[in-house]
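With mmCIF, C-alpha atoms inside, this is protein.cif:
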data_target
#
loop_
_atom_site.group_PDB
_atom_site.id
_atom_site.type_symbol
_atom_site.label_atom_id
_atom_site.label_comp_id
_atom_site.auth_asym_id
_atom_site.auth_seq_id
_atom_site.Cartn_x
_atom_site.Cartn_y
_atom_site.Cartn_z
ATOM 1 C CA MET A 243 163.779 187.695 133.518
ATOM 2 C CA ASN A 244 163.159 187.702 137.255
ATOM 3 C CA LEU A 245 164.520 186.557 140.591
ATOM 4 C CA LYS A 246 162.457 183.347 140.511
ATOM 5 C CA MET A 247 164.275 182.219 137.340
ATOM 6 C CA ILE A 248 167.626 182.789 139.021
ATOM 7 C CA TYR A 249 166.644 180.651 142.009
ATOM 8 C CA GLU A 250 165.498 177.946 139.574
ATOM 9 C CA ALA A 251 168.873 178.149 137.839
ATOM 10 C CA GLN A 252 170.631 177.877 141.195
ATOM 11 C CA LYS A 253 168.754 174.622 141.832
ATOM 12 C CA ASN A 254 169.692 173.304 138.356
ATOM 13 C CA LEU A 255 173.348 174.013 139.082
ATOM 14 C CA GLU A 256 173.522 172.162 142.400
ATOM 15 C CA GLY A 257 176.366 169.659 142.251
ATOM 16 C CA ILE A 258 177.576 171.042 138.908
ATOM 17 C CA ILE A 259 179.330 174.318 139.734
ATOM 18 C CA ASN A 260 181.692 175.484 142.469
ATOM 19 C CA GLU A 261 180.516 178.093 144.956
ATOM 20 C CA THR A 262 183.571 180.266 144.441
ATOM 21 C CA PRO A 263 185.214 182.074 147.372
ATOM 22 C CA LEU A 264 185.352 185.773 148.166
ATOM 23 C CA LEU A 265 189.051 186.570 148.491
ATOM 24 C CA GLU A 266 189.743 189.606 150.671
ATOM 25 C CA SER A 267 192.570 191.870 149.490
ATOM 26 C CA THR A 268 194.181 193.765 152.349
ATOM 27 C CA GLN A 269 196.410 195.720 149.972
ATOM 28 C CA LEU A 270 193.612 196.683 147.597
ATOM 29 C CA SER A 271 191.454 197.627 150.566
ATOM 30 C CA LYS A 272 194.226 199.908 151.833
ATOM 31 C CA LEU A 273 194.837 201.464 148.425
ATOM 32 C CA SER A 274 191.186 202.270 147.818
ATOM 33 C CA GLY A 275 190.069 203.033 151.374
ATOM 34 C CA ASN A 276 187.421 200.285 151.265
ATOM 35 C CA HIS A 277 186.918 196.675 152.299
ATOM 36 C CA VAL A 278 187.579 194.888 149.013
ATOM 37 C CA TYR A 279 186.805 191.299 148.056
ATOM 38 C CA LEU A 280 187.239 189.401 144.803
ATOM 39 C CA LYS A 281 184.423 187.054 143.742
ATOM 40 C CA SER A 282 186.700 184.427 142.291
ATOM 41 C CA GLU A 283 185.001 182.978 139.229
ATOM 42 C CA HIS A 284 188.444 182.279 137.758
ATOM 43 C CA LEU A 285 188.331 179.311 140.159
ATOM 44 C CA GLN A 286 185.014 178.175 138.686
ATOM 45 C CA ARG A 287 184.614 175.001 136.671
ATOM 46 C CA SER A 288 185.709 175.642 133.043
ATOM 47 C CA GLY A 289 187.712 178.617 134.330
ATOM 48 C CA SER A 290 184.961 181.244 134.259
ATOM 49 C CA PHE A 291 181.423 182.143 135.330
ATOM 50 C CA LYS A 292 180.118 181.009 131.937
ATOM 51 C CA ILE A 293 179.369 177.426 133.014
ATOM 52 C CA ARG A 294 176.488 178.793 135.116
ATOM 53 C CA GLY A 295 174.444 180.085 132.201
ATOM 54 C CA ALA A 296 175.682 177.502 129.719
ATOM 55 C CA TYR A 297 174.683 174.504 131.808
ATOM 56 C CA ASN A 298 171.321 176.060 132.642
ATOM 57 C CA ALA A 299 170.558 176.597 128.941
ATOM 58 C CA VAL A 300 171.997 173.317 127.618
ATOM 59 C CA LYS A 301 170.125 171.334 130.283
ATOM 60 C CA ASP A 302 166.868 172.915 129.131
ATOM 61 C CA ALA A 303 167.674 172.144 125.480
ATOM 62 C CA VAL A 304 168.502 168.499 126.246
ATOM 63 C CA GLU A 305 165.315 168.090 128.281
ATOM 64 C CA LYS A 306 163.442 169.265 125.173
ATOM 65 C CA GLY A 307 165.148 166.638 123.007
ATOM 66 C CA ALA A 308 168.295 168.355 121.651
ATOM 67 C CA THR A 309 171.234 166.149 120.654
ATOM 68 C CA LEU A 310 173.377 168.966 119.218
ATOM 69 C CA VAL A 311 174.108 172.406 120.665
ATOM 70 C CA ILE A 312 175.988 175.238 118.942
ATOM 71 C CA ALA A 313 177.627 178.272 120.509
ATOM 72 C CA ALA A 314 179.430 181.411 119.332
ATOM 73 C CA SER A 315 182.177 182.566 121.654
ATOM 74 C CA SER A 316 185.492 184.350 122.074
ATOM 75 C CA GLY A 317 186.384 181.382 124.239
ATOM 76 C CA ASN A 318 184.861 181.166 127.704
ATOM 77 C CA HIS A 319 181.232 180.638 126.679
ATOM 78 C CA GLY A 320 182.404 178.069 124.155
ATOM 79 C CA GLN A 321 184.361 176.186 126.802
ATOM 80 C CA ALA A 322 181.356 176.225 129.101
ATOM 81 C CA VAL A 323 178.916 174.998 126.435
ATOM 82 C CA ALA A 324 181.345 172.258 125.411
ATOM 83 C CA LEU A 325 181.671 171.146 129.041
ATOM 84 C CA ALA A 326 177.919 171.324 129.638
ATOM 85 C CA ALA A 327 177.281 169.252 126.506
ATOM 86 C CA LYS A 328 179.826 166.665 127.639
ATOM 87 C CA LEU A 329 178.223 166.431 131.091
ATOM 88 C CA LEU A 330 174.784 166.057 129.526
ATOM 89 C CA GLY A 331 175.861 163.616 126.799
ATOM 90 C CA VAL A 332 175.265 165.654 123.620
ATOM 91 C CA LYS A 333 177.437 167.010 120.792
ATOM 92 C CA ALA A 334 178.672 170.626 120.733
ATOM 93 C CA ILE A 335 179.963 172.796 117.869
ATOM 94 C CA ILE A 336 181.662 176.017 118.940
ATOM 95 C CA VAL A 337 182.215 178.953 116.547
ATOM 96 C CA ILE A 338 185.153 181.053 117.738
ATOM 97 C CA PRO A 339 186.992 184.096 116.318
ATOM 98 C CA LYS A 340 190.093 183.536 114.236
ATOM 99 C CA ASN A 341 192.188 185.272 116.921
ATOM 100 C CA ALA A 342 190.813 183.310 119.896
ATOM 101 C CA ALA A 343 193.308 182.598 122.684
ATOM 102 C CA GLU A 344 195.032 179.260 122.122
ATOM 103 C CA CYS A 345 194.321 178.102 125.672
ATOM 104 C CA LYS A 346 190.587 178.617 125.094
ATOM 105 C CA ARG A 347 190.740 176.767 121.773
ATOM 106 C CA ALA A 348 192.558 173.858 123.451
ATOM 107 C CA ALA A 349 190.084 173.762 126.335
ATOM 108 C CA ILE A 350 187.073 173.607 123.986
ATOM 109 C CA SER A 351 188.654 170.653 122.202
ATOM 110 C CA GLY A 352 189.539 169.074 125.532
ATOM 111 C CA TYR A 353 185.902 169.180 126.572
ATOM 112 C CA GLY A 354 184.946 167.426 123.329
ATOM 113 C CA GLY A 355 183.679 170.464 121.434
ATOM 114 C CA GLU A 356 184.048 170.652 117.646
ATOM 115 C CA ILE A 357 185.577 174.001 116.616
ATOM 116 C CA GLU A 358 184.869 176.270 113.638
ATOM 117 C CA SER A 359 186.733 179.579 113.271
ATOM 118 C CA CYS A 360 184.875 182.566 111.843
ATOM 119 C CA GLY A 361 185.744 186.282 111.600
ATOM 120 C CA PHE A 362 186.734 188.573 114.434
ATOM 121 C CA THR A 363 183.505 190.135 115.733
ATOM 122 C CA SER A 364 180.742 188.737 117.909
ATOM 123 C CA SER A 365 178.120 189.449 115.236
ATOM 124 C CA GLU A 366 180.056 187.405 112.643
ATOM 125 C CA ARG A 367 180.389 184.330 114.819
ATOM 126 C CA ILE A 368 176.818 184.508 116.137
ATOM 127 C CA SER A 369 175.476 184.642 112.566
ATOM 128 C CA ARG A 370 177.555 181.610 111.612
ATOM 129 C CA ALA A 371 176.511 179.641 114.704
ATOM 130 C CA ILE A 372 172.829 180.281 113.990
ATOM 131 C CA ALA A 373 173.348 179.137 110.395
ATOM 132 C CA ILE A 374 174.948 175.880 111.579
ATOM 133 C CA ALA A 375 172.056 175.294 113.982
ATOM 134 C CA ASN A 376 169.584 175.699 111.106
ATOM 135 C CA GLU A 377 171.617 173.480 108.773
ATOM 136 C CA GLN A 378 172.100 170.639 111.258
ATOM 137 C CA ALA A 379 168.886 170.842 113.303
ATOM 138 C CA GLY A 380 170.794 171.877 116.402
ATOM 139 C CA ILE A 381 169.989 174.313 119.194
ATOM 140 C CA PHE A 382 171.873 177.611 119.318
ATOM 141 C CA ILE A 383 172.996 178.520 122.845
ATOM 142 C CA PRO A 384 173.420 182.325 122.882
ATOM 143 C CA PRO A 385 176.442 183.783 124.692
ATOM 144 C CA TYR A 386 174.404 186.319 126.636
ATOM 145 C CA ASP A 387 171.081 187.321 125.064
ATOM 146 C CA ASP A 388 168.892 184.575 126.506
ATOM 147 C CA PRO A 389 166.800 184.333 129.699
ATOM 148 C CA LEU A 390 168.269 180.971 130.757
ATOM 149 C CA ILE A 391 171.810 182.256 130.231
ATOM 150 C CA ILE A 392 171.100 185.443 132.182
ATOM 151 C CA ALA A 393 169.418 183.482 134.978
ATOM 152 C CA GLY A 394 172.404 181.162 135.289
ATOM 153 C CA GLN A 395 174.847 184.067 135.477
ATOM 154 C CA GLY A 396 172.609 185.712 138.058
ATOM 155 C CA THR A 397 173.458 182.953 140.525
ATOM 156 C CA VAL A 398 176.782 184.776 141.017
ATOM 157 C CA GLY A 399 174.822 187.684 142.450
ATOM 158 C CA LEU A 400 172.922 185.391 144.820
ATOM 159 C CA GLU A 401 176.177 183.903 146.102
ATOM 160 C CA ILE A 402 177.669 187.344 146.721
ATOM 161 C CA ILE A 403 174.806 188.611 148.869
ATOM 162 C CA GLU A 404 174.484 185.276 150.681
ATOM 163 C CA SER A 405 178.183 185.111 151.586
ATOM 164 C CA LEU A 406 178.677 188.851 152.264
ATOM 165 C CA PRO A 407 175.373 190.311 153.504
ATOM 166 C CA GLU A 408 177.046 193.635 154.334
ATOM 167 C CA VAL A 409 178.124 194.232 150.709
ATOM 168 C CA ASP A 410 177.557 197.817 149.541
ATOM 169 C CA VAL A 411 178.850 197.776 145.954
ATOM 170 C CA VAL A 412 179.429 195.103 143.308
ATOM 171 C CA ILE A 413 181.657 195.923 140.323
ATOM 172 C CA VAL A 414 181.079 193.792 137.217
ATOM 173 C CA PRO A 415 182.810 193.609 133.804
ATOM 174 C CA ILE A 416 180.565 194.128 130.773
ATOM 175 C CA GLY A 417 180.836 192.188 127.526
ATOM 176 C CA GLY A 418 177.517 191.324 125.921
ATOM 177 C CA GLY A 419 175.783 191.982 129.210
ATOM 178 C CA GLY A 420 174.662 188.508 130.294
ATOM 179 C CA LEU A 421 176.686 188.459 133.504
ATOM 180 C CA ILE A 422 175.845 191.955 134.654
ATOM 181 C CA SER A 423 172.169 191.550 133.689
ATOM 182 C CA GLY A 424 171.904 188.446 135.824
ATOM 183 C CA VAL A 425 173.755 190.049 138.730
ATOM 184 C CA LEU A 426 171.592 193.175 138.476
ATOM 185 C CA THR A 427 168.401 191.128 138.525
ATOM 186 C CA ALA A 428 169.535 189.009 141.481
ATOM 187 C CA ILE A 429 170.675 191.985 143.526
ATOM 188 C CA LYS A 430 168.174 194.696 142.644
ATOM 189 C CA GLU A 431 165.160 192.401 143.102
ATOM 190 C CA SER A 432 166.349 191.269 146.529
ATOM 191 C CA ARG A 433 168.653 194.005 147.877
ATOM 192 C CA PRO A 434 167.988 197.158 145.807
ATOM 193 C CA GLU A 435 170.124 199.335 148.086
ATOM 194 C CA ILE A 436 173.272 197.563 146.867
ATOM 195 C CA LYS A 437 174.934 199.469 144.035
ATOM 196 C CA VAL A 438 176.030 197.648 140.886
ATOM 197 C CA ILE A 439 178.642 199.341 138.705
ATOM 198 C CA GLY A 440 179.700 198.122 135.274
ATOM 199 C CA VAL A 441 183.158 198.382 133.723
ATOM 200 C CA GLU A 442 184.200 198.278 130.072
ATOM 201 C CA PRO A 443 187.560 198.729 128.347
ATOM 202 C CA ALA A 444 187.769 202.120 126.641
ATOM 203 C CA LEU A 445 188.629 200.250 123.424
ATOM 204 C CA GLY A 446 185.426 198.203 123.652
ATOM 205 C CA ASN A 447 182.869 200.732 124.851
ATOM 206 C CA ASP A 448 179.657 199.693 123.080
ATOM 207 C CA THR A 449 177.594 199.530 126.272
ATOM 208 C CA TYR A 450 178.982 202.820 127.587
ATOM 209 C CA LEU A 451 178.058 204.569 124.340
ATOM 210 C CA SER A 452 174.666 202.867 124.310
ATOM 211 C CA ILE A 453 173.862 203.986 127.855
ATOM 212 C CA GLN A 454 174.840 207.548 126.929
ATOM 213 C CA ALA A 455 172.704 207.482 123.774
ATOM 214 C CA ASN A 456 169.818 205.618 125.420
ATOM 215 C CA LYS A 457 169.842 203.124 122.536
ATOM 216 C CA ARG A 458 171.981 200.199 121.404
ATOM 217 C CA ILE A 459 175.125 201.363 119.590
ATOM 218 C CA LYS A 460 177.282 199.064 117.467
ATOM 219 C CA VAL A 461 181.061 199.554 117.429
ATOM 220 C CA ASP A 462 183.831 198.204 115.213
ATOM 221 C CA ALA A 463 185.901 195.165 116.162
ATOM 222 C CA SER A 464 188.035 195.856 119.219
ATOM 223 C CA ASN A 465 191.628 194.851 119.921
ATOM 224 C CA THR A 466 191.504 195.396 123.674
ATOM 225 C CA VAL A 467 193.581 192.988 125.765
ATOM 226 C CA ALA A 468 190.307 192.201 127.560
ATOM 227 C CA ASP A 469 189.409 189.688 124.854
ATOM 228 C CA GLY A 470 186.336 188.391 126.672
ATOM 229 C CA LEU A 471 184.769 191.860 126.451
ATOM 230 C CA ARG A 472 185.152 192.374 122.696
ATOM 231 C CA THR A 473 181.463 192.542 121.872
ATOM 232 C CA SER A 474 180.180 194.739 119.064
ATOM 233 C CA VAL A 475 176.782 195.737 120.472
ATOM 234 C CA PRO A 476 174.829 195.172 123.717
ATOM 235 C CA GLY A 477 172.228 192.414 123.704
ATOM 236 C CA GLU A 478 168.607 193.153 122.860
ATOM 237 C CA MET A 479 167.507 191.449 126.071
ATOM 238 C CA THR A 480 170.376 192.507 128.335
ATOM 239 C CA PHE A 481 170.460 196.207 127.467
ATOM 240 C CA PRO A 482 167.012 197.108 128.886
ATOM 241 C CA ILE A 483 167.988 195.433 132.173
ATOM 242 C CA LEU A 484 171.076 197.649 132.353
ATOM 243 C CA GLN A 485 169.023 200.718 131.501
ATOM 244 C CA LYS A 486 166.625 199.927 134.320
ATOM 245 C CA HIS A 487 168.993 198.908 137.089
ATOM 246 C CA LEU A 488 172.621 199.921 136.437
ATOM 247 C CA ASP A 489 173.919 202.492 138.926
ATOM 248 C CA ASP A 490 176.974 203.564 136.937
ATOM 249 C CA ILE A 491 179.343 202.520 134.157
ATOM 250 C CA VAL A 492 183.022 203.433 133.808
ATOM 251 C CA LEU A 493 185.761 202.901 131.240
ATOM 252 C CA VAL A 494 189.320 201.742 131.887
ATOM 253 C CA SER A 495 192.374 202.071 129.661
ATOM 254 C CA GLU A 496 194.628 199.296 128.411
ATOM 255 C CA ALA A 497 197.412 200.484 130.734
ATOM 256 C CA GLU A 498 195.043 200.422 133.702
ATOM 257 C CA ILE A 499 193.912 196.880 132.851
ATOM 258 C CA LYS A 500 197.529 195.693 132.657
ATOM 259 C CA SER A 501 198.420 197.399 135.928
ATOM 260 C CA ALA A 502 195.497 195.705 137.680
ATOM 261 C CA PHE A 503 196.412 192.332 136.153
ATOM 262 C CA THR A 504 199.961 192.717 137.447
ATOM 263 C CA PHE A 505 198.740 193.747 140.905
ATOM 264 C CA VAL A 506 196.524 190.661 141.294
ATOM 265 C CA LEU A 507 199.286 188.348 140.052
ATOM 266 C CA GLU A 508 202.031 189.876 142.233
ATOM 267 C CA ARG A 509 200.130 190.649 145.416
ATOM 268 C CA MET A 510 197.369 188.043 145.501
ATOM 269 C CA LYS A 511 199.111 185.260 143.553
ATOM 270 C CA GLN A 512 196.002 184.832 141.397
ATOM 271 C CA LEU A 513 196.146 184.371 137.619
ATOM 272 C CA ILE A 514 193.119 186.092 136.121
ATOM 273 C CA GLU A 515 192.079 187.183 132.627
ATOM 274 C CA PRO A 516 192.562 190.809 131.529
ATOM 275 C CA SER A 517 188.755 190.959 131.204
ATOM 276 C CA SER A 518 188.524 190.229 134.925
ATOM 277 C CA ALA A 519 191.183 192.820 135.725
ATOM 278 C CA THR A 520 188.888 195.605 134.496
ATOM 279 C CA THR A 521 186.967 195.607 137.786
ATOM 280 C CA ILE A 522 190.206 195.928 139.780
ATOM 281 C CA ALA A 523 191.400 198.610 137.357
ATOM 282 C CA ALA A 524 188.287 200.696 137.953
ATOM 283 C CA LEU A 525 188.965 200.696 141.690
ATOM 284 C CA MET A 526 192.746 201.209 141.494
ATOM 285 C CA SER A 527 192.452 204.096 139.035
ATOM 286 C CA GLU A 528 189.818 205.808 141.220
ATOM 287 C CA LYS A 529 187.285 205.790 138.394
ATOM 288 C CA ILE A 530 184.774 204.846 141.086
ATOM 289 C CA ASN A 531 184.524 207.214 144.044
ATOM 290 C CA LEU A 532 184.021 204.994 147.093
ATOM 291 C CA LYS A 533 185.260 205.183 150.682
ATOM 292 C CA ASP A 534 184.807 202.800 153.608
ATOM 293 C CA LYS A 535 182.441 200.523 151.659
ATOM 294 C CA HIS A 536 182.283 196.755 151.372
ATOM 295 C CA VAL A 537 183.117 196.278 147.699
ATOM 296 C CA VAL A 538 183.090 193.094 145.631
ATOM 297 C CA CYS A 539 185.031 193.056 142.358
ATOM 298 C CA LEU A 540 183.679 190.255 140.200
ATOM 299 C CA ILE A 541 186.550 188.265 138.702
ATOM 300 C CA SER A 542 184.901 186.705 135.682
ATOM 301 C CA GLY A 543 187.528 184.192 134.563
ATOM 302 C CA GLY A 544 191.103 182.987 134.458
ATOM 303 C CA ASN A 545 191.528 181.491 130.986
ATOM 304 C CA ILE A 546 194.619 183.142 129.551
ATOM 305 C CA ASP A 547 197.432 182.081 127.252
ATOM 306 C CA LEU A 548 200.587 181.845 129.368
ATOM 307 C CA SER A 549 202.553 183.276 126.423
ATOM 308 C CA GLU A 550 200.627 186.558 126.855
ATOM 309 C CA ILE A 551 201.629 187.133 130.468
ATOM 310 C CA ASN A 552 204.908 188.903 129.702
ATOM 311 C CA ASN A 553 203.103 191.374 127.445
ATOM 312 C CA LEU A 554 200.600 192.130 130.170
ATOM 313 C CA ILE A 555 203.092 192.643 132.993
ATOM 314 C CA ASN A 556 205.857 194.357 131.018
ATOM 315 C CA GLU A 557 203.971 196.744 128.736
ATOM 316 C CA LYS A 558 202.772 199.924 130.398
#
Turn this file's structure into structure tokens for me.
Amino acid sequence: MNLKMIYEAQKNLEGIINETPLLESTQLSKLSGNHVYLKSEHLQRSGSFKIRGAYNAVKDAVEKGATLVIAASSGNHGQAVALAAKLLGVKAIIVIPKNAAECKRAAISGYGGEIESCGFTSSERISRAIAIANEQAGIFIPPYDDPLIIAGQGTVGLEIIESLPEVDVVIVPIGGGGLISGVLTAIKESRPEIKVIGVEPALGNDTYLSIQANKRIKVDASNTVADGLRTSVPGEMTFPILQKHLDDIVLVSEAEIKSAFTFVLERMKQLIEPSSATTIAALMSEKINLKDKHVVCLISGGNIDLSEINNLINEK
């Protein structure tokens, strides 16, 4: 994984993805004592950053002759692979957890993806997706542990430094690590002075524990509201990138995630996923000690069941 691969991915994605805006938050800037911007991937095609890596990987598979692609996903990666397959004219099967958000399930179907439900953990659905790929001579498109996926996600990092050259700090949510690995590679290989800080929910802290232990740690299934970050263990490929480049990692509570979600909805009129709200939560709860810096909080997606909103804004 290197910067050259990310630039190649950026070229592959021309005309496919949206270059999402940086939304400045005056109120969040005032609260934190910084200049704060949201990199708005909830406004991305398919509703999250995932289309970047998914299209990059599916395009490569199709160019090599694939007619069937299979993905394992809590929702967003599955939506992105289904959309990429539709755009490229191939079939997609998406293995999702039994408790996947209904809006994500509906979106996968809407993009033409065939759905199979399996278990509740990332390891369960990945194992099943690989089995389907072997049974049906398809190509498995990993959710995060793949160089083409990481390179595609890294294009977010390129866009941030191109649109805000004065950026000092980028705060990124951590699930399996594909997004933050790509962002780290893009930023640290071009602007190493920029700090990159990762955020996990305290109820889904596999990467935090792994960084502390200096080895990959597997955790039990999580029930955090940040459903896109419910991974069981960091990726084999992504974890070494975090070990090499990550400046810091912090944990946020469920209450802090909900408070940040409410803030963005009320003050900025933006509907984001709880997974995205983790980066705002880290700043609002002062888990990250910054003053007078240009800070970008990466908003990873906006795919959320509308029926869940009351729980997120009313429960404290």
With distances taken over all atoms listed in the file, which residue among A:Phe503, A:Tyr279, A:Tyr450, A:Tyr249 lies nearest Val538 of chain A?
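Smallest distance to Val538 of chain A is found for A:Tyr279.
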Evaluate the PyMOL selection byres ((chain A and resi 315) around 12) against this structure - the residues, as number ranges by chain, please.
A: 292, 296, 312-314, 316-324, 335-343, 346-347, 350, 357-371, 382-386, 417-418, 469-473
Neighbours of Cys345 of chain A within 7 Å (all atoms listed in the file; same-chain residues fewer than 4 positions away dropped), as a list in words?
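With the cut-off at 7 Å, the set is Ala349, Asn545, Ile546 and Asp547 of chain A.
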Could you tell me, as an mmCIF file with C-alpha atoms, in the coordinates of the input, exactly which residues end up selected when the PyMOL selection byres ((chain A and resi 248) around 12) is applied to this structure?
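New file out.cif:
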data_model
loop_
_atom_site.group_PDB
_atom_site.id
_atom_site.type_symbol
_atom_site.label_atom_id
_atom_site.label_comp_id
_atom_site.auth_asym_id
_atom_site.auth_seq_id
_atom_site.Cartn_x
_atom_site.Cartn_y
_atom_site.Cartn_z
ATOM 1 C CA MET A 243 163.779 187.695 133.518
ATOM 2 C CA ASN A 244 163.159 187.702 137.255
ATOM 3 C CA LEU A 245 164.520 186.557 140.591
ATOM 4 C CA LYS A 246 162.457 183.347 140.511
ATOM 5 C CA MET A 247 164.275 182.219 137.340
ATOM 6 C CA TYR A 249 166.644 180.651 142.009
ATOM 7 C CA GLU A 250 165.498 177.946 139.574
ATOM 8 C CA ALA A 251 168.873 178.149 137.839
ATOM 9 C CA GLN A 252 170.631 177.877 141.195
ATOM 10 C CA LYS A 253 168.754 174.622 141.832
ATOM 11 C CA ASN A 254 169.692 173.304 138.356
ATOM 12 C CA LEU A 255 173.348 174.013 139.082
ATOM 13 C CA ARG A 294 176.488 178.793 135.116
ATOM 14 C CA GLY A 295 174.444 180.085 132.201
ATOM 15 C CA ASN A 298 171.321 176.060 132.642
ATOM 16 C CA PRO A 389 166.800 184.333 129.699
ATOM 17 C CA LEU A 390 168.269 180.971 130.757
ATOM 18 C CA ILE A 391 171.810 182.256 130.231
ATOM 19 C CA ILE A 392 171.100 185.443 132.182
ATOM 20 C CA ALA A 393 169.418 183.482 134.978
ATOM 21 C CA GLY A 394 172.404 181.162 135.289
ATOM 22 C CA GLN A 395 174.847 184.067 135.477
ATOM 23 C CA GLY A 396 172.609 185.712 138.058
ATOM 24 C CA THR A 397 173.458 182.953 140.525
ATOM 25 C CA VAL A 398 176.782 184.776 141.017
ATOM 26 C CA GLY A 399 174.822 187.684 142.450
ATOM 27 C CA LEU A 400 172.922 185.391 144.820
ATOM 28 C CA GLU A 401 176.177 183.903 146.102
ATOM 29 C CA SER A 423 172.169 191.550 133.689
ATOM 30 C CA GLY A 424 171.904 188.446 135.824
ATOM 31 C CA VAL A 425 173.755 190.049 138.730
ATOM 32 C CA LEU A 426 171.592 193.175 138.476
ATOM 33 C CA THR A 427 168.401 191.128 138.525
ATOM 34 C CA ALA A 428 169.535 189.009 141.481
ATOM 35 C CA ILE A 429 170.675 191.985 143.526
ATOM 36 C CA GLU A 431 165.160 192.401 143.102
ATOM 37 C CA SER A 432 166.349 191.269 146.529
#
Any idea what's packed within 12 Å of Leu554 of chain A, counting only C-alpha atoms, ignoring anything in its chain fewer than 4 positions away? Could you give it as a ChimeraX atom specification?
/A:466-468,496-507,513-517,519,546-550,558
Would you mind telling me which residue in A:Leu406, A:Ile259, A:Ile381, A:Ala523 lies nearest to Ala303 of chain A when using all atoms listed in the file?
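Among the listed residues, A:Ile381 lies closest to Ala303 of chain A.
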Provide the atom CA of Ala326 of chain A to atom CA of Ala299 of chain A distance in Å, to one decimal place.
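For atom CA of Ala326 of chain A relative to atom CA of Ala299 of chain A, the distance reads 9.1 Å.
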Compare A:Tyr297, A:Ile258, A:Ser542, A:Ser495 by their minimum atom-to-atom distance to His284 of chain A, counting only C-alpha atoms, and give me the closest one.
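Smallest separation from His284 of chain A among the options: A:Ser542.
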In file coordinates, which residues lie within 6 Å of (179.5, 199.9, 117.4) using all atoms listed in the file, given as number ranges by chain?
A: 448, 459-462, 474-475
What is the distance between atom CA of Val304 of chain A and atom CA of Leu330 of chain A, in Å to one decimal?
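It comes out at 7.5 Å.
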Pick out the residues sitting within 12 Å of Pro482 of chain A, and hand them over as a ChimeraX atom specification; count only C-alpha atoms, and ignore anything fewer than 5 positions along from it in its own chain.
/A:243,387,419-420,422-423,426-427,449,452-453,456-458,476-477,487-488
Using only C-alpha atoms, which of the listed residues (A:Thr309, A:Ser288, A:Ser527, A:Ser405) sits closest to Gly543 of chain A?
A:Ser288
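Among the candidates A:Leu329, A:Val441, A:Ala455, A:Cys539, the one nearest to Val409 of chain A when counting all atoms listed in the file is A:Cys539.
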What are the centre and edge lengths in Å, to one decimal, of the axis-aligned box around all listed atoms of segment 443-459 of chain A with 6 Å added on each side, as JSON?
{"center_x": 179.2, "center_y": 202.9, "center_z": 124.0, "size_x": 30.8, "size_y": 21.3, "size_z": 20.8}
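Interatomic distance, atom CA of Lys430 of chain A against atom CA of Leu540 of chain A: 16.3 Å.
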Target residues per the PyMOL selection byres ((chain A and resi 265) around 9), formatted as a PyMOL selection string
chain A and resi 263-264+266-267+278-282+510
